[in-house]
Amino acid sequence: MRKKLQNNSGFTLIEVLLVVALISITAGFSGVLYTDYQTRNELDLTAQKIAQGIRTAQINSQTMKDDSTWGIYMTDGEVTLFEGVDYATRNTSLDYTQTVSNRVSHSGIGEIVFSKYYGVPSTTGTIDLTTPNNGAVQITINEKGIVDY
């Protein structure tokens, strides 16, 4: 009698468990890294929108668009470019509002108005943007209206 050799092909339970564990660990790290990347991206986009709004308000004031002063008003979730001497008495029909991430909060300057022709800001200082995972960006406006972040 001859014995036949059995050819057992396939994976063992230990091999399958190791592969599942490695995939789970990789997916877990990927999720955390993606969330962190997304939050940093939202912070950067918010800073860019605010800086762009400040520069647009200054240019509109310097070119005396509609023969008026222009400014920017910031709240968590929105940035509004407005025409007028302040946000409270602005011409609401000319408002241009951009939405920004609600996960980015701001502190510091909330409203800046630029003088006609010269484009000098009514307020100087910093706008601090922060995220829940301790991301931070600081936007600075100097006495000449130069924006740096």
# chains A, B, ... in the order shown; residues from 1 in each chain; ligands from 1
call {"tool": "residues_around", "arguments": {"residues": "segment 124-136 of chain A", "least_positions_apart": "4", "cutoff": "12 Å", "atoms": "only C-alpha atoms", "output": "ChimeraX atom specification"}}
result
/A:32-33,35-48,50-51,54,73-77,100-114,120,140-149
call {"tool": "write_last_selection", "arguments": {"atoms": "C-alpha atoms", "output": "short mmCIF file (atom, residue, chain, number, x, y, z; two decimals), in the first residue's frame"}}
result
data_model
loop_
_atom_site.label_atom_id
_atom_site.label_comp_id
_atom_site.auth_asym_id
_atom_site.auth_seq_id
_atom_site.Cartn_x
_atom_site.Cartn_y
_atom_site.Cartn_z
CA VAL A 32 -6.50 59.70 13.25
CA LEU A 33 -3.99 61.16 10.79
CA THR A 35 -8.79 63.85 10.95
CA ASP A 36 -5.71 65.81 12.03
CA TYR A 37 -4.90 66.69 8.41
CA GLN A 38 -8.47 67.80 7.76
CA THR A 39 -8.50 70.07 10.84
CA ARG A 40 -5.16 71.66 9.89
CA ASN A 41 -6.48 72.21 6.37
CA GLU A 42 -9.63 73.92 7.71
CA LEU A 43 -7.46 76.16 9.91
CA ASP A 44 -5.31 77.17 6.95
CA LEU A 45 -8.33 77.82 4.70
CA THR A 46 -9.95 79.96 7.39
CA ALA A 47 -6.76 82.02 7.79
CA GLN A 48 -6.55 82.49 4.01
CA ILE A 50 -9.76 86.12 6.59
CA ALA A 51 -6.52 87.51 5.13
CA ILE A 54 -8.92 92.02 4.97
CA TYR A 73 -16.34 91.49 10.39
CA MET A 74 -15.54 88.03 11.78
CA THR A 75 -17.61 85.57 13.76
CA ASP A 76 -17.08 81.86 14.31
CA GLY A 77 -18.29 80.32 11.06
CA VAL A 100 -15.54 79.17 7.32
CA SER A 101 -15.18 76.06 9.44
CA ASN A 102 -17.13 76.02 12.70
CA ARG A 103 -14.29 73.97 14.21
CA VAL A 104 -12.00 77.02 13.98
CA SER A 105 -12.61 79.63 16.66
CA HIS A 106 -11.16 83.12 16.69
CA SER A 107 -10.23 85.67 19.30
CA GLY A 108 -8.71 89.12 19.15
CA ILE A 109 -9.85 91.63 16.55
CA GLY A 110 -13.39 91.05 15.34
CA GLU A 111 -13.94 94.08 13.10
CA ILE A 112 -11.58 96.15 10.96
CA VAL A 113 -12.58 99.17 8.86
CA PHE A 114 -10.19 100.88 6.44
CA VAL A 120 -5.38 102.76 7.10
CA THR A 140 -1.33 90.24 12.39
CA ILE A 141 -2.48 93.60 10.99
CA ASN A 142 -0.07 96.50 11.44
CA GLU A 143 -0.75 100.27 11.40
CA LYS A 144 -0.29 100.41 7.61
CA GLY A 145 -2.75 97.59 7.01
CA ILE A 146 -0.19 94.95 6.10
CA VAL A 147 -1.51 91.46 6.84
CA ASP A 148 0.89 88.76 7.99
CA TYR A 149 0.13 85.18 8.99
#
call {"tool": "select_by_dssp", "arguments": {"residues": "chain A", "states": "strand (DSSP E or B)", "output": "VMD selection string"}}
result
chain A and resid 70 to 75 78 to 83 96 to 99 105 to 108 111 to 114 121 125 to 130 136 to 141 147 to 148
call {"tool": "select_by_dssp", "arguments": {"residues": "segment 62-148 of chain A", "states": "helix (DSSP H, G or I)", "output": "mmCIF file with C-alpha atoms, in the first residue's frame"}}
result
data_model
loop_
_atom_site.group_PDB
_atom_site.id
_atom_site.type_symbol
_atom_site.label_atom_id
_atom_site.label_comp_id
_atom_site.auth_asym_id
_atom_site.auth_seq_id
_atom_site.Cartn_x
_atom_site.Cartn_y
_atom_site.Cartn_z
ATOM 1 C CA GLN A 62 -8.193 102.688 -1.171
ATOM 2 C CA LYS A 65 -15.342 101.828 -4.259
ATOM 3 C CA ASP A 66 -18.869 103.289 -3.995
ATOM 4 C CA ASP A 67 -17.188 106.347 -2.424
ATOM 5 C CA THR A 92 -26.317 95.226 4.091
ATOM 6 C CA SER A 93 -27.123 95.003 0.379
ATOM 7 C CA LEU A 94 -23.375 95.086 -0.389
#
call {"tool": "atom_distance", "arguments": {"atom1": "atom CA of Thr69 of chain A", "atom2": "atom CA of Thr99 of chain A"}}
result
22.6 Å
call {"tool": "atom_distance", "arguments": {"atom1": "atom CA of Gly71 of chain A", "atom2": "atom CA of Glu83 of chain A"}}
result
6.4 Å
